[in-house]
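Heads up: the structure comes next, in structure tokens.
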Protein chains: 2
Amino acid sequence: MEKPLVTRRDLLGGALSTAVVACAQSVARPVDAADARAVYAECARRKDEAVQRLQAWVRQPSIAAENRGMNEGCEMMMQLAREAGFQRVEKVPTDGQPGVFATLDAGAPHTVGLYFMYDVKQADPKEWSSPPFDAALVDRPSLGKVVMGRGAVNQKGPQATMLAALHAFRGAGRKLPVNLVLVAEGEEEIGSPHFAQIARKPDVQAALARCRGIFMPSAGQEEDGAVDVSLGAKGIIECELTSSGERWGRGPKHDVHSSLRACVDSPAWHLVLALATLVGPDGDPAIDGFMDRVRPLSPPEQAMLDDKARRSSEALLKEQIAVDRWAHDVTYRQALEALNARPTVNIEGLVGGYTGPGGKTILPHVARAKLDLRLVPDMTAEDTLAKLKAHLAKRGFGDIDVNMTGGYDPNTTSVDAPLIRAQIAVYKRAGLNPLMTPRRGGSWPGWVFTSPPLSLAAGHFGLGNGAHAHAPDEYYVIDSINPKVAGLVDAMRAYVDYLYELA
Amino acid sequence: MEKPLVTRRDLLGGALSTAVVACAQSVARPVDAADARAVYAECARRKDEAVQRLQAWVRQPSIAAENRGMNEGCEMMMQLAREAGFQRVEKVPTDGQPGVFATLDAGAPHTVGLYFMYDVKQADPKEWSSPPFDAALVDRPSLGKVVMGRGAVNQKGPQATMLAALHAFRGAGRKLPVNLVLVAEGEEEIGSPHFAQIARKPDVQAALARCRGIFMPSAGQEEDGAVDVSLGAKGIIECELTSSGERWGRGPKHDVHSSLRACVDSPAWHLVLALATLVGPDGDPAIDGFMDRVRPLSPPEQAMLDDKARRSSEALLKEQIAVDRWAHDVTYRQALEALNARPTVNIEGLVGGYTGPGGKTILPHVARAKLDLRLVPDMTAEDTLAKLKAHLAKRGFGDIDVNMTGGYDPNTTSVDAPLIRAQIAVYKRAGLNPLMTPRRGGSWPGWVFTSPPLSLAAGHFGLGNGAHAHAPDEYYVIDSINPKVAGLVDAMRAYVDYLYELA
């Protein structure tokens, strides 16, 4: 669910104007240099095959929110894993969409985990300049050739690039430097409601427990080349609040003529009044006890944000997200801190009664608000949901149905974890000085890995660029004409480097 | 816009259990009895023709809200008027959809006005058991054969019945007892924004000024046979409130990832907080000065409601509108008073951001509320709109766009007007003791007639039954198997009676 609309990662990679992508030069450690060069060459040879694989994947919609193409999407995920060299590939049933568990034993001393998603966000073809499931190759000014389609950057593009790197190892006749454990889910875009059933299945958990850490492939570069390393992510609750005459026992049980408002209660007003209690006058969270467990940033985390505020471009970010000023008119540094450290209560959507053009004189019997709440350590999804419900009940809105459709706790990984140190080392050898982020503003279900009993390091890794996740015209860069941004082949090579580094 | 969902008129006709429809007997005054009998017979002979005319009319959608079939609808309205005997039939252009002005000179001493609408409400075929523009003849349990389709009861059915009565006069070789002036509009369902341009065109206004009053044909019977006579209607403002990042200067100018809520303002929350100021804790209007011009009911009006509360069925109404209790848990008498005398602020619809199934992690850049405000004397639409805008501006919501899409002032007609006295007389001779209503809770643009310079009496008249205006499966009864409810032929005869009475 958690690729932002305007960038692929946490929206905090700003302008690192001096960064230069240098992946094509040898960046692997000397001991692996010959192997790496052979695999590098194979990456270039296998580019067309990798592009076609990505296109075929995008052309298979699998949208959990619409229960569309999920079976096919899961089978394809399994097939992609088999073809990339995973010896054991299994479907993992859940109470929702199935997951995939796969292992690749390279006979290596270390094992690394991979987290994939095979579902994508919804797409309305009317809004796209190229149909979302055509996966067309399109030229984008100042970027180069891209694959355009739903899932291109979130997350099929980066995942297909990682798989292409595995094909390159095999094509070059080189053994992988690490063993791999892959867990994939089909419900990431609806809040991963059953992902714990996959990761905590005994044999899956046992395999994950052997990992040095787990990462999700990601197109981590801004258009100015900058990358960041994030040490965690906010948790999330996605929920739908429904006010209805039926549950309330007041107002009508079906839509009636609006003149009746004179003597009949309105579930829509009931919802609006309930919502208004959830925030203060500036829209800040006002749920009882919401801030109780918020852990302040530590001095090292504060220092990361100081650095990020200095080295990244506020203007570029504001332009990307079409914002003139931050909430409360704070500074960029303060906005970054809010994005990292402040929990939120957001309205994703409002829907009730007549929603077409003009008006229609009805008194609706039901109205809904779709909310997401972002959580920071040490908040938990369970506790926060209970607080939301208690808050509403205390104020006479206990009848409003709060249906949590997905969500999970926040996650945190130490900057000293080998998974993170390896990222920093690879980026630095590529000439990039990564921006460190205590916590991405978005969310992903990394808590399944970082929390006990696994307590693994978890994060994202990858070069390359793309944008418009969750939005129309989503794309992923194949042939970059921007010297600061890696194209597909260089992004493959970065995964090669990372696997060597993790070894 | 103003036919309620569950009944055709003002929702206040309750159970008049002893009423029996007796139209088929001679109810005309002795002086006209022979003529009336001849016209009555012709009504029966022309039933099939009248049904086919109504079906053809329903099959021509004309929906102003969607600008669909409006030209065709206007041409058809003109053709229907010509065929019914109007000698002069003209299209009246407006800044919106055109109106129709027609006159029928019968050489009679008195002239009566007719108000028609040729537009209908939107319809979603998915929700209908018979397609909304098929105008199928359908059997309805305990009612009989009905025409089902959009506009069947609101307002094509009653209007077609009135036109059929004119055909019956001609077919019987009888002169109409009154001259007629017809004004029809095509924007009733969107709040009649240009109707004054039709009625106040000099030649139209001059023709209307000769009228004893003006009425709209209406299927005025409840299933228990009860009819009411209403002495006015509430006014209305329909408006859309839009909160957007663009106008606000805060928040994003396009939808962005919801994680940004931590540091970016939310136009959706801005709207919710603005809405919450418009009502008190129980959803009652709280707009500054909203109640200042509210005129209390007079003792005679109070007496009408006392009678109505006694003679109509609270249980039946509650069942029809699927309501267990009134707002504030008031008595039926108090609910009737609110419906007659209390202005309202209603939410017709809420729409913003993601409105599909499940959730979508966005921070929407725009959110909208569709409101209607019902007005009582001596409130005016212009003054109330100004108060709404001033209220919002005073509280920091001046950026929220308030777009009034339609509406007009309330209207009132004296119980002593010949138009009203004639209604009461006809109903009483039909064995019905009409329920008097000071003001219908719904609205219609009668203010154009009742306000200066015309200052005409205005109202609705008609027997017959139908339901589900503005809702799926709208219908109008053709062959009644309910002895208390008039079918098409008896409803035609009631118009015959009314015209004689008005003479």
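Following the order of the structure tokens, chains are lettered A, B, ..., residues in each are numbered from 1, and ligands are numbered from 1.
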**Request:** Please return as an MDAnalysis selection string: the residues of region 101-229 of chain B that backbone DSSP assigns to alpha helix (DSSP H).
**Result:** chainID B and resid 157:171 195:199 202:209
Emit the selected residues as an mmCIF file, in the first residue's frame, including N, CA and C atoms.
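Heads up, here's the output in result_21.cif:
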data_model
loop_
_atom_site.group_PDB
_atom_site.id
_atom_site.type_symbol
_atom_site.label_atom_id
_atom_site.label_comp_id
_atom_site.auth_asym_id
_atom_site.auth_seq_id
_atom_site.Cartn_x
_atom_site.Cartn_y
_atom_site.Cartn_z
ATOM 1 N N GLY B 157 -46.912 11.379 -15.311
ATOM 2 C CA GLY B 157 -48.178 10.676 -15.153
ATOM 3 C C GLY B 157 -49.333 11.630 -14.873
ATOM 4 N N PRO B 158 -49.255 12.418 -13.807
ATOM 5 C CA PRO B 158 -50.339 13.371 -13.529
ATOM 6 C C PRO B 158 -50.524 14.387 -14.659
ATOM 7 N N GLN B 159 -49.425 14.856 -15.233
ATOM 8 C CA GLN B 159 -49.542 15.841 -16.317
ATOM 9 C C GLN B 159 -50.215 15.221 -17.545
ATOM 10 N N ALA B 160 -49.827 13.983 -17.863
ATOM 11 C CA ALA B 160 -50.442 13.306 -19.003
ATOM 12 C C ALA B 160 -51.928 13.057 -18.738
ATOM 13 N N THR B 161 -52.268 12.822 -17.484
ATOM 14 C CA THR B 161 -53.674 12.611 -17.125
ATOM 15 C C THR B 161 -54.473 13.896 -17.321
ATOM 16 N N MET B 162 -53.870 14.997 -16.916
ATOM 17 C CA MET B 162 -54.516 16.298 -17.137
ATOM 18 C C MET B 162 -54.702 16.553 -18.637
ATOM 19 N N LEU B 163 -53.672 16.274 -19.428
ATOM 20 C CA LEU B 163 -53.788 16.461 -20.885
ATOM 21 C C LEU B 163 -54.863 15.523 -21.455
ATOM 22 N N ALA B 164 -54.923 14.302 -20.905
ATOM 23 C CA ALA B 164 -55.937 13.355 -21.378
ATOM 24 C C ALA B 164 -57.345 13.882 -21.093
ATOM 25 N N ALA B 165 -57.487 14.590 -19.979
ATOM 26 C CA ALA B 165 -58.795 15.191 -19.667
ATOM 27 C C ALA B 165 -59.161 16.231 -20.726
ATOM 28 N N LEU B 166 -58.158 16.993 -21.189
ATOM 29 C CA LEU B 166 -58.435 17.978 -22.246
ATOM 30 C C LEU B 166 -58.852 17.268 -23.537
ATOM 31 N N HIS B 167 -58.193 16.157 -23.850
ATOM 32 C CA HIS B 167 -58.589 15.362 -25.022
ATOM 33 C C HIS B 167 -60.033 14.878 -24.865
ATOM 34 N N ALA B 168 -60.406 14.531 -23.637
ATOM 35 C CA ALA B 168 -61.759 14.024 -23.406
ATOM 36 C C ALA B 168 -62.811 15.108 -23.650
ATOM 37 N N PHE B 169 -62.493 16.343 -23.203
ATOM 38 C CA PHE B 169 -63.422 17.450 -23.505
ATOM 39 C C PHE B 169 -63.630 17.552 -25.013
ATOM 40 N N ARG B 170 -62.526 17.536 -25.748
ATOM 41 C CA ARG B 170 -62.616 17.703 -27.191
ATOM 42 C C ARG B 170 -63.350 16.530 -27.826
ATOM 43 N N GLY B 171 -62.995 15.312 -27.348
ATOM 44 C CA GLY B 171 -63.620 14.116 -27.908
ATOM 45 C C GLY B 171 -65.131 14.106 -27.667
ATOM 46 N N PHE B 195 -36.304 29.473 -14.130
ATOM 47 C CA PHE B 195 -37.742 29.479 -14.360
ATOM 48 C C PHE B 195 -38.319 30.899 -14.366
ATOM 49 N N ALA B 196 -37.706 31.761 -13.559
ATOM 50 C CA ALA B 196 -38.207 33.142 -13.540
ATOM 51 C C ALA B 196 -38.055 33.788 -14.915
ATOM 52 N N GLN B 197 -37.035 33.372 -15.677
ATOM 53 C CA GLN B 197 -36.871 33.943 -17.024
ATOM 54 C C GLN B 197 -38.041 33.556 -17.932
ATOM 55 N N ILE B 198 -38.661 32.413 -17.640
ATOM 56 C CA ILE B 198 -39.826 31.989 -18.430
ATOM 57 C C ILE B 198 -41.068 32.760 -17.967
ATOM 58 N N ALA B 199 -41.336 32.677 -16.676
ATOM 59 C CA ALA B 199 -42.600 33.219 -16.156
ATOM 60 C C ALA B 199 -42.637 34.742 -16.204
ATOM 61 N N PRO B 202 -42.357 39.123 -20.687
ATOM 62 C CA PRO B 202 -43.550 40.004 -20.656
ATOM 63 C C PRO B 202 -44.837 39.356 -21.148
ATOM 64 N N ASP B 203 -44.811 38.672 -22.294
ATOM 65 C CA ASP B 203 -46.089 38.124 -22.765
ATOM 66 C C ASP B 203 -46.564 36.951 -21.906
ATOM 67 N N VAL B 204 -45.611 36.188 -21.366
ATOM 68 C CA VAL B 204 -45.987 35.080 -20.475
ATOM 69 C C VAL B 204 -46.581 35.651 -19.191
ATOM 70 N N GLN B 205 -45.899 36.652 -18.658
ATOM 71 C CA GLN B 205 -46.380 37.249 -17.411
ATOM 72 C C GLN B 205 -47.754 37.881 -17.600
ATOM 73 N N ALA B 206 -47.945 38.506 -18.748
ATOM 74 C CA ALA B 206 -49.251 39.125 -19.029
ATOM 75 C C ALA B 206 -50.344 38.061 -19.089
ATOM 76 N N ALA B 207 -50.029 36.924 -19.690
ATOM 77 C CA ALA B 207 -51.016 35.838 -19.760
ATOM 78 C C ALA B 207 -51.294 35.271 -18.373
ATOM 79 N N LEU B 208 -50.232 35.085 -17.589
ATOM 80 C CA LEU B 208 -50.401 34.559 -16.231
ATOM 81 C C LEU B 208 -51.209 35.520 -15.368
ATOM 82 N N ALA B 209 -51.012 36.808 -15.601
ATOM 83 C CA ALA B 209 -51.707 37.806 -14.775
ATOM 84 C C ALA B 209 -53.221 37.705 -14.934
#
Give me, as a Markdown table, the closest atom pair and its distance (Å, one decimal) for every residue of chain A within a cut-off of 6 Å of chain B, counting only C-alpha atoms, rows sorted by chain and rising number.
| residue | atom | partner | partner_atom | distance |
| --- | --- | --- | --- | --- |
| A:Pro4 | CA | B:His257 | CA | 4.7 |
| A:Leu5 | CA | B:His257 | CA | 5.1 |
| A:Gly251 | CA | B:Val323 | CA | 6.0 |
| A:Pro252 | CA | B:Val323 | CA | 4.7 |
| A:Lys253 | CA | B:Ala322 | CA | 5.2 |
| A:Val256 | CA | B:Leu5 | CA | 5.6 |
| A:His257 | CA | B:Pro4 | CA | 4.8 |
| A:Ser259 | CA | B:Gly442 | CA | 5.1 |
| A:Ala262 | CA | B:Leu339 | CA | 5.1 |
| A:Cys263 | CA | B:Ala335 | CA | 5.2 |
| A:Val264 | CA | B:Ala327 | CA | 4.9 |
| A:Asp265 | CA | B:Ala327 | CA | 5.1 |
| A:Trp269 | CA | B:Gly283 | CA | 6.0 |
| A:Leu273 | CA | B:Ala276 | CA | 5.7 |
| A:Ala276 | CA | B:Leu273 | CA | 5.7 |
| A:Gly283 | CA | B:Trp269 | CA | 6.0 |
| A:Ala322 | CA | B:Lys253 | CA | 5.2 |
| A:Val323 | CA | B:Pro252 | CA | 4.7 |
| A:Trp326 | CA | B:Val264 | CA | 5.2 |
| A:Ala327 | CA | B:Val264 | CA | 4.9 |
| A:Ala335 | CA | B:Cys263 | CA | 5.2 |
| A:Ala338 | CA | B:Ala262 | CA | 5.4 |
| A:Leu339 | CA | B:Ala262 | CA | 5.1 |
| A:Thr344 | CA | B:Ala262 | CA | 5.7 |
| A:Glu348 | CA | B:Ile362 | CA | 5.3 |
| A:Gly349 | CA | B:Gly353 | CA | 4.3 |
| A:Leu350 | CA | B:Gly352 | CA | 5.0 |
| A:Val351 | CA | B:Val351 | CA | 4.7 |
| A:Gly352 | CA | B:Leu350 | CA | 5.0 |
| A:Gly353 | CA | B:Gly349 | CA | 4.3 |
| A:Tyr354 | CA | B:Gly349 | CA | 4.5 |
| A:Thr355 | CA | B:Gly349 | CA | 5.6 |
| A:Ile362 | CA | B:Glu348 | CA | 5.3 |
| A:Leu363 | CA | B:Glu348 | CA | 5.6 |
| A:Gly441 | CA | B:Ser259 | CA | 5.2 |
| A:Gly442 | CA | B:Ser259 | CA | 5.1 |
**Request:** Could you find all residues in region 113-303 of chain B that DSSP calls strand (DSSP E) from the backbone, and write them as a ChimeraX atom specification?
**Result:** /B:113-117,136-140,144-148,179-185,211-217,228-230,232-233,235-244,256-257
**Request:** Would you kindly return, as a ChimeraX atom specification, each protein, DNA or RNA residue with an atom no farther than 12 Å from any atom of Gln423 (chain B), considering only C-alpha atoms and excluding same-chain residues fewer than 2 positions away?
**Result:** /B:213-215,217,220,227-231,415-421,425-430,432-436,458-463,494-502
